[in-house]
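One structure is given below, encoded as structure tokens.
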Number of protein chains: 2
Amino acid sequence: MSEKVTIALDAMGGDLAPRMVISGANIARERFPHVHYLIFGRESEITPLLDKMPKLKAVSEIVHTDDIVRSDEKPSIALRSGRNSSMRLAINAVREGEACGVVSAGNTGALMAMAKFVLKTLPGVSRPAIASFFPTMRGETVMLDLGANVSCDADNLIDFAVMGNAFSRSVVGILQPTYGLLNVGSEDMKGHESLHEAAAVLRSAALPGKFVGFIEGDDIAMGSVDVVVTDGFTGNVALKTAEGTAKLINEYIRRTFRSSILAGLGYLLARPAMRKLRKRVDPRRYNGAMFLGLNGITVKSHGGTDSLGFANAIGVAVDMEKHGIIEKIQSDFATLDRTPGKARAATG
Amino acid sequence: MSEKVTIALDAMGGDLAPRMVISGANIARERFPHVHYLIFGRESEITPLLDKMPKLKAVSEIVHTDDIVRSDEKPSIALRSGRNSSMRLAINAVREGEACGVVSAGNTGALMAMAKFVLKTLPGVSRPAIASFFPTMRGETVMLDLGANVSCDADNLIDFAVMGNAFSRSVVGILQPTYGLLNVGSEDMKGHESLHEAAAVLRSAALPGKFVGFIEGDDIAMGSVDVVVTDGFTGNVALKTAEGTAKLINEYIRRTFRSSILAGLGYLLARPAMRKLRKRVDPRRYNGAMFLGLNGITVKSHGGTDSLGFANAIGVAVDMEKHGIIEKIQSDFATLDRTPGKARAATG
């Protein structure tokens with residue numbers, strides 16, 4: 001049996017909160033019997049829900065607050081005026097050691113701003129990043145940054161590579177991960193200068209695994225690497241483009257099966273297999289974006305998710321704790337060599 | 001009947017050249033009986049192919065050259081040393097008025113560099129862009145830039161919006177196109193400064209149609225706008241991410257239908273409908289990237305395409321000529337008002 005682990009939950013973030021947060025915790029409770037929950041939010045809304053889930057109630061504690069961070073609130077405003085919000089108090093609990101991680105489906109910008117302010121960035125890390133899993137031809141790939149940093153220089157990209165590498169080794173369990181920088185071509189001369197500088201350092205940084213250099217957009221779904229490193233602008237656009245494309249093809253397939261009686265019959269026969277496929281690509285399965293580089297585990301659930309998706313986000317936090325991701329990132333940064341290798345020397 | 005139109009073909013560009021170029025022209029010949037072809041490349045390889053297609057031969061003229069631009073050649077090298085290449089001579093033919101457009105499946109960077117050098121950029125256009133069609137929930141969307149310009153300032157983005165808008169109105173035939181800037185959020189404060197500046201100008205630029213402001217990655221496949229405007233780095237990554245995702249889901253579906261006997265039977269019944277779907281999303285259907293902003297029609301075919309894909313790329317050039325895209329872009333730039341509107345005034 002694992003030791004007791006406590007996760008702080010922001011009960012008020014997300015479109016279907018607090019119901020999906022509490023039901024999500026109840027699903028997670030079955031999967032992770034050793035986990036306890038500190039639930040932050042409006043007691044009058046949370047208690048009636050918990051009363052219906054006595055087993056969850058037995059491992060939970062409610063910390064009441066009326067304040068909520070609105071989903072459209074500017075991060076800077078939330079940081080100043082949201083000191084008593086459920087989101088902020090849940091993050092505080094991680095800093096105070098009362099919880100080992102926080103999960104919220106609330107405002108992403110506010111969560112990052114507050115987590116950075118309260119938990120602080122780990123020594124050596126220039127900026128925290130948002131990472132997430134992608135389904136690929138060969139399994140799953142981790143990609144970062146997905147939107148925390150709109151503009152990134154070479155140092156930021158190097159940091160993201162180190163953090164993604166550490167995550168892949170510890171949480172995903174790939175001992176020698178492959179990693180690459182997202183670019184518009186695999187040739188050395190392609191793309192922004194910051195990518196060239198980052199590549200020069202990563203070529204000689206002696207991280208575990210293999211730096212493959214530049215990769216392109218289609219390499220993400222191909223699973224060409226275990227870790228895709230990019231700036232937050234490009235990563236965010238790529239993530240949402242992939243989501244949109246998946247939805248489009250789903251819709252095409254739906255229409256195809258409805259386009260004729262024969263196709264409809266075919267669908268009936270293939271239904272069990274199609275259900276398995278739907279489960280395989282269910283976005284809820286990939287719910288839970290990791291904030292990496294902070295001195296504390298922070299997981300952002302999709303705001304529109306349901307209880308199953310939220311349970312998966314809790315699972316991500318539990319996994320990160322289990323594999324000691326914070327310590328792993330910390331020790332990798334302590335030994336990082338930022339001297340550019342041959343490639344850099346050759347160009348300057 | 002339309003007037004006689006001549007298209008210059010680079011017979012030597014692309015993985016399957018010159019065979020797929022000539023067969024592609026033969027398919028295009030049936031669709032566009034008024035089109036003639038100037039075919040540039042190695043006569044000894046082209047003549048035997050043309051001999052098998054007498055109807056195409058009757059409307060074609062071969063211009064022999066031994067030189068070829070390699071697919072991995074640096075654009076700057078190709079520009080200097082490729083003066084007698086099939087690609088360069090085909091572009092020259094457009095400048096000399098011998099052809100109204102050029103189609104090549106060769107090296108993209110070399111084609112852009114040569115076309116810019118030979119044909120020149122239209123007055124008022126800061127930089128030419130690469131545009132292409134995307135299938136969406138609501139039909140087809142035009143997106144640009146897809147890789148010609150890795151770094152873009154506000155003026156470049158404004159130019160792309162004007163060109164995409166002109167393209168949508170003329171070639172696509174949408175009288176009042178909607179257009180938006182690709183960003184990481186739809187809120188005004190999100191994203192790079194260049195996006196804010198471009199948005200401020202576009203809000204008051206009085207182009208036909210409607211500027212919707214910022215859109216996100218998932219809006220591309222959703223078809224939220226008729227024209228998606230972005231820098232070449234982001235556009236290239238988004239394009240390839242979408243392609244990769246589509247391939248991944250295709251592969252998942254293939255595996256699904258093979259996963260059980262029932263599913264296999266279901267596939268047999270649904271096969272005619274699935275074939276229609278495959279045709280609908282066939283990448284060859286969307287082959288042919290338009291170089292916009294040049295004083296001459298230039299279309300880049302995918303290097304790996306077959307004759308059907310190349311025929312579609314020829315079709316794109318024929319369409320651009322028919323709808324007078326060059327004149328349309330020219331007149332739109334002549335009347336463009338670059339004064340930033342309210343939004344800009346409010347922030348500075």
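Following the order of the structure tokens, chains are lettered A, B, ..., residues in each are numbered from 1, and ligands are numbered from 1.
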### Test item: residues at most 9 Å from range 233-235 of chain A, only C-alpha atoms, excluding those fewer than 5 positions along its chain, as a count of residues only
20
### Message
So that I can check the surroundings of Phe333 in chain A, please list as a PyMOL selection string every protein, DNA and RNA residue that reaches within 10 Å of it, counting only C-alpha atoms and ignoring chain neighbours fewer than 4 positions away.
### Response
chain A and resi 122-125+159+162-163+166+293+327-329+337
### Query
Taking only C-alpha atoms into account, what are the residues of chain A at most 7 Å from chain B, put as number ranges by chain?
A: 136-137, 150, 184, 191-192, 216-222, 233-234, 236-238, 240-246, 248, 256-257, 259, 262-263, 265-267, 269-270, 273-274, 277
### Query
Given the choices B:Phe310, B:Phe40, B:Phe160, B:Tyr179, which gets closest to Phe211 in chain B if the distance is worked out from only C-alpha atoms?
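Selected residue with least distance to Phe211 in chain B: B:Tyr179.
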### Query
Could you state the separation of CA of Gly315 in chain B and CA of Gly106 in chain B in Å, given to one decimal place?
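Taking CA of Gly315 in chain B and CA of Gly106 in chain B, their separation equals 17.3 Å.
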### Task
One decimal, Å: what's the distance from CA of Leu89 in chain A over to CA of Pro75 in chain A, could you say?
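Computed distance, CA of Leu89 in chain A to CA of Pro75 in chain A, equals 15.7 Å.
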### Query
DSSP says helix (DSSP H, G or I) for which residues of range 163-234 of chain B? Put them as a ChimeraX atom specification?
/B:163-172,193-204,217-222,232-234
For those residues, write N, CA and C atoms to a file as a compact mmCIF listing (two decimals), in the first residue's frame.
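Produced file result.txt, reproduced below:
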# COMPACT_ATOMS: atom_id res chain seq x y z
N MET B 163 -4.84 39.66 -49.22
CA MET B 163 -4.69 38.71 -50.33
C MET B 163 -5.65 37.53 -50.18
N GLY B 164 -5.79 37.02 -48.96
CA GLY B 164 -6.70 35.90 -48.72
C GLY B 164 -8.13 36.31 -49.00
N ASN B 165 -8.45 37.52 -48.59
CA ASN B 165 -9.78 38.07 -48.84
C ASN B 165 -10.07 38.17 -50.34
N ALA B 166 -9.11 38.71 -51.08
CA ALA B 166 -9.27 38.83 -52.54
C ALA B 166 -9.43 37.46 -53.18
N PHE B 167 -8.64 36.50 -52.70
CA PHE B 167 -8.71 35.14 -53.23
C PHE B 167 -10.08 34.52 -52.98
N SER B 168 -10.56 34.69 -51.76
CA SER B 168 -11.84 34.12 -51.38
C SER B 168 -12.97 34.70 -52.23
N ARG B 169 -12.92 36.00 -52.45
CA ARG B 169 -13.96 36.65 -53.25
C ARG B 169 -13.92 36.24 -54.71
N SER B 170 -12.71 36.19 -55.27
CA SER B 170 -12.62 35.92 -56.70
C SER B 170 -12.64 34.43 -57.01
N VAL B 171 -11.62 33.72 -56.58
CA VAL B 171 -11.49 32.31 -56.96
C VAL B 171 -12.53 31.43 -56.27
N VAL B 172 -12.74 31.64 -54.95
CA VAL B 172 -13.71 30.81 -54.23
C VAL B 172 -15.13 31.29 -54.49
N GLU B 193 2.26 40.85 -29.98
CA GLU B 193 1.95 42.26 -30.24
C GLU B 193 1.60 42.48 -31.71
N SER B 194 2.30 41.79 -32.62
CA SER B 194 2.04 41.97 -34.05
C SER B 194 0.58 41.63 -34.39
N LEU B 195 0.01 40.67 -33.68
CA LEU B 195 -1.38 40.30 -33.91
C LEU B 195 -2.32 41.42 -33.47
N HIS B 196 -1.99 42.06 -32.35
CA HIS B 196 -2.82 43.16 -31.86
C HIS B 196 -2.80 44.32 -32.85
N GLU B 197 -1.59 44.62 -33.35
CA GLU B 197 -1.45 45.73 -34.30
C GLU B 197 -2.20 45.44 -35.59
N ALA B 198 -2.05 44.21 -36.08
CA ALA B 198 -2.73 43.83 -37.32
C ALA B 198 -4.24 43.89 -37.13
N ALA B 199 -4.71 43.42 -35.98
CA ALA B 199 -6.16 43.43 -35.71
C ALA B 199 -6.70 44.85 -35.70
N ALA B 200 -5.91 45.77 -35.11
CA ALA B 200 -6.36 47.17 -35.03
C ALA B 200 -6.55 47.76 -36.43
N VAL B 201 -5.65 47.44 -37.34
CA VAL B 201 -5.78 47.94 -38.71
C VAL B 201 -6.94 47.25 -39.44
N LEU B 202 -7.02 45.93 -39.29
CA LEU B 202 -8.04 45.18 -40.03
C LEU B 202 -9.45 45.54 -39.57
N ARG B 203 -9.59 45.93 -38.30
CA ARG B 203 -10.91 46.30 -37.79
C ARG B 203 -11.49 47.50 -38.54
N SER B 204 -10.58 48.36 -39.04
CA SER B 204 -11.08 49.56 -39.70
C SER B 204 -10.69 49.63 -41.17
N GLY B 217 -6.96 27.53 -33.06
CA GLY B 217 -6.64 26.38 -33.90
C GLY B 217 -7.84 25.53 -34.30
N ASP B 218 -8.77 25.33 -33.36
CA ASP B 218 -9.91 24.47 -33.68
C ASP B 218 -10.91 25.15 -34.62
N ASP B 219 -10.78 26.47 -34.78
CA ASP B 219 -11.67 27.17 -35.71
C ASP B 219 -11.34 26.83 -37.16
N ILE B 220 -10.12 26.37 -37.43
CA ILE B 220 -9.75 26.05 -38.81
C ILE B 220 -10.68 24.96 -39.35
N ALA B 221 -10.69 23.80 -38.68
CA ALA B 221 -11.50 22.68 -39.17
C ALA B 221 -12.99 22.95 -38.98
N MET B 222 -13.32 23.79 -38.00
CA MET B 222 -14.72 24.14 -37.76
C MET B 222 -15.26 24.96 -38.93
N GLY B 232 3.92 32.38 -41.32
CA GLY B 232 4.30 31.15 -42.00
C GLY B 232 4.76 30.03 -41.10
N PHE B 233 5.29 30.36 -39.94
CA PHE B 233 5.73 29.32 -39.00
C PHE B 233 4.51 28.60 -38.43
N THR B 234 3.60 29.39 -37.85
CA THR B 234 2.40 28.81 -37.24
C THR B 234 1.55 28.09 -38.28
### Task
Kindly give the distance, in Å, that separates CA of Val63 in chain B and CA of Val35 in chain B, rounded to a single decimal.
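That distance, rounded to one decimal, is 17.0 Å.
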### Task
Fewer than 2 positions away in the same chain doesn't count, so skip those; otherwise give me all residues within 6 Å of range 54-59 of chain A, counting only C-alpha atoms, as a PyMOL selection string.
chain A and resi 26+36+50-51
File dump, residues just selected, C-alpha atoms, as a PDB file, in the first residue's frame:
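So the final result, stored in selection-v5.pdb, reads:
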ATOM      1  CA  ASN A  26     -15.502   9.798  -6.410  1.00  0.00           C
ATOM      2  CA  HIS A  36      -7.399  11.930   0.412  1.00  0.00           C
ATOM      3  CA  LEU A  50     -20.626  14.654  -0.733  1.00  0.00           C
ATOM      4  CA  ASP A  51     -23.557  13.405   1.371  1.00  0.00           C
TER       5      ASP A  51
END
For Gly296 in chain A, work out the shell of residues within 12 Å, counting only C-alpha atoms and skipping chain neighbours fewer than 3 positions away, then give it as a CSV table (one decimal) with C-alpha atoms, in the first residue's frame.
chain,number,residue,atom,x,y,z
A,7,ILE,CA,-4.8,16.2,-3.4
A,8,ALA,CA,-6.3,19.7,-3.2
A,90,ALA,CA,-6.2,25.1,-3.0
A,91,ILE,CA,-2.8,26.2,-4.3
A,92,ASN,CA,-1.9,27.6,-0.9
A,93,ALA,CA,-2.6,24.1,0.6
A,94,VAL,CA,0.2,22.7,-1.6
A,95,ARG,CA,2.7,25.4,-0.5
A,96,GLU,CA,1.8,24.7,3.2
A,97,GLY,CA,2.4,21.0,2.7
A,98,GLU,CA,-1.2,20.1,3.4
A,99,ALA,CA,-1.6,18.7,-0.1
A,100,CYS,CA,1.0,17.3,-2.5
A,101,GLY,CA,-0.8,18.7,-5.6
A,102,VAL,CA,-3.7,20.8,-6.8
A,103,VAL,CA,-6.2,20.1,-9.6
A,112,MET,CA,-0.7,29.6,-13.8
A,114,MET,CA,-1.4,32.0,-8.9
A,115,ALA,CA,0.6,28.8,-9.0
A,116,LYS,CA,3.8,30.7,-10.1
A,117,PHE,CA,3.2,33.3,-7.4
A,118,VAL,CA,2.5,30.9,-4.6
A,119,LEU,CA,4.6,27.8,-5.4
A,120,LYS,CA,7.4,29.6,-7.2
A,121,THR,CA,9.4,28.4,-10.1
A,122,LEU,CA,12.1,25.7,-9.4
A,128,PRO,CA,7.1,27.0,-16.1
A,290,MET,CA,0.6,19.4,-16.3
A,291,PHE,CA,2.2,22.6,-15.2
A,292,LEU,CA,5.9,21.8,-15.1
A,293,GLY,CA,8.7,23.8,-13.5
A,299,VAL,CA,-2.8,20.0,-13.0
A,317,ALA,CA,-1.6,14.6,-10.3
A,320,MET,CA,3.2,13.0,-10.8
A,321,GLU,CA,3.4,12.6,-7.1
A,324,GLY,CA,8.6,12.3,-7.8
A,325,ILE,CA,8.4,14.6,-10.8
A,326,ILE,CA,9.4,17.8,-8.8
A,327,GLU,CA,12.6,16.2,-7.5
A,329,ILE,CA,13.2,18.1,-12.6
A,330,GLN,CA,15.1,19.7,-9.8
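Of the listed residues A:Glu30, A:Glu3, A:Glu43, A:Asp231, the one whose atoms come nearest to Ala131 in chain A is A:Asp231, with distances taken using only C-alpha atoms.
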### Query
Which residue gives the smallest distance to Ser76 in chain A among A:Leu111, A:Leu9, A:Leu38, A:Leu49, with only C-alpha atoms counted?
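Distance minimum relative to Ser76 in chain A lands on A:Leu111.
Excluding Leu308 in chain A itself and same-chain residues fewer than 2 positions from it, the residues having an atom within 8 Å of it are A:Gly24, A:Ile27, A:Arg284, A:Thr305, A:Asp306, A:Phe310, A:Ala311, A:Asn312, counting only C-alpha atoms.
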Include C-alpha atoms and write out the residues we just selected as a short mmCIF file (atom, residue, chain, number, x, y, z; two decimals), in the first residue's frame.
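Everything below was put into part.cif:
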data_model
loop_
_atom_site.label_atom_id
_atom_site.label_comp_id
_atom_site.auth_asym_id
_atom_site.auth_seq_id
_atom_site.Cartn_x
_atom_site.Cartn_y
_atom_site.Cartn_z
CA GLY A 24 -14.78 13.02 -10.53
CA ILE A 27 -14.36 7.97 -9.55
CA ARG A 284 -11.42 12.86 -21.51
CA THR A 305 -14.94 18.18 -19.00
CA ASP A 306 -17.24 15.87 -17.07
CA PHE A 310 -11.85 15.29 -14.04
CA ALA A 311 -11.04 11.90 -12.49
CA ASN A 312 -8.33 11.48 -15.14
#
### Task
Would you please work out which residue, of A:Ala289, A:Ile158, A:Ile22, A:Val212, is nearest to Gly180 in chain A when using only C-alpha atoms?
A:Val212
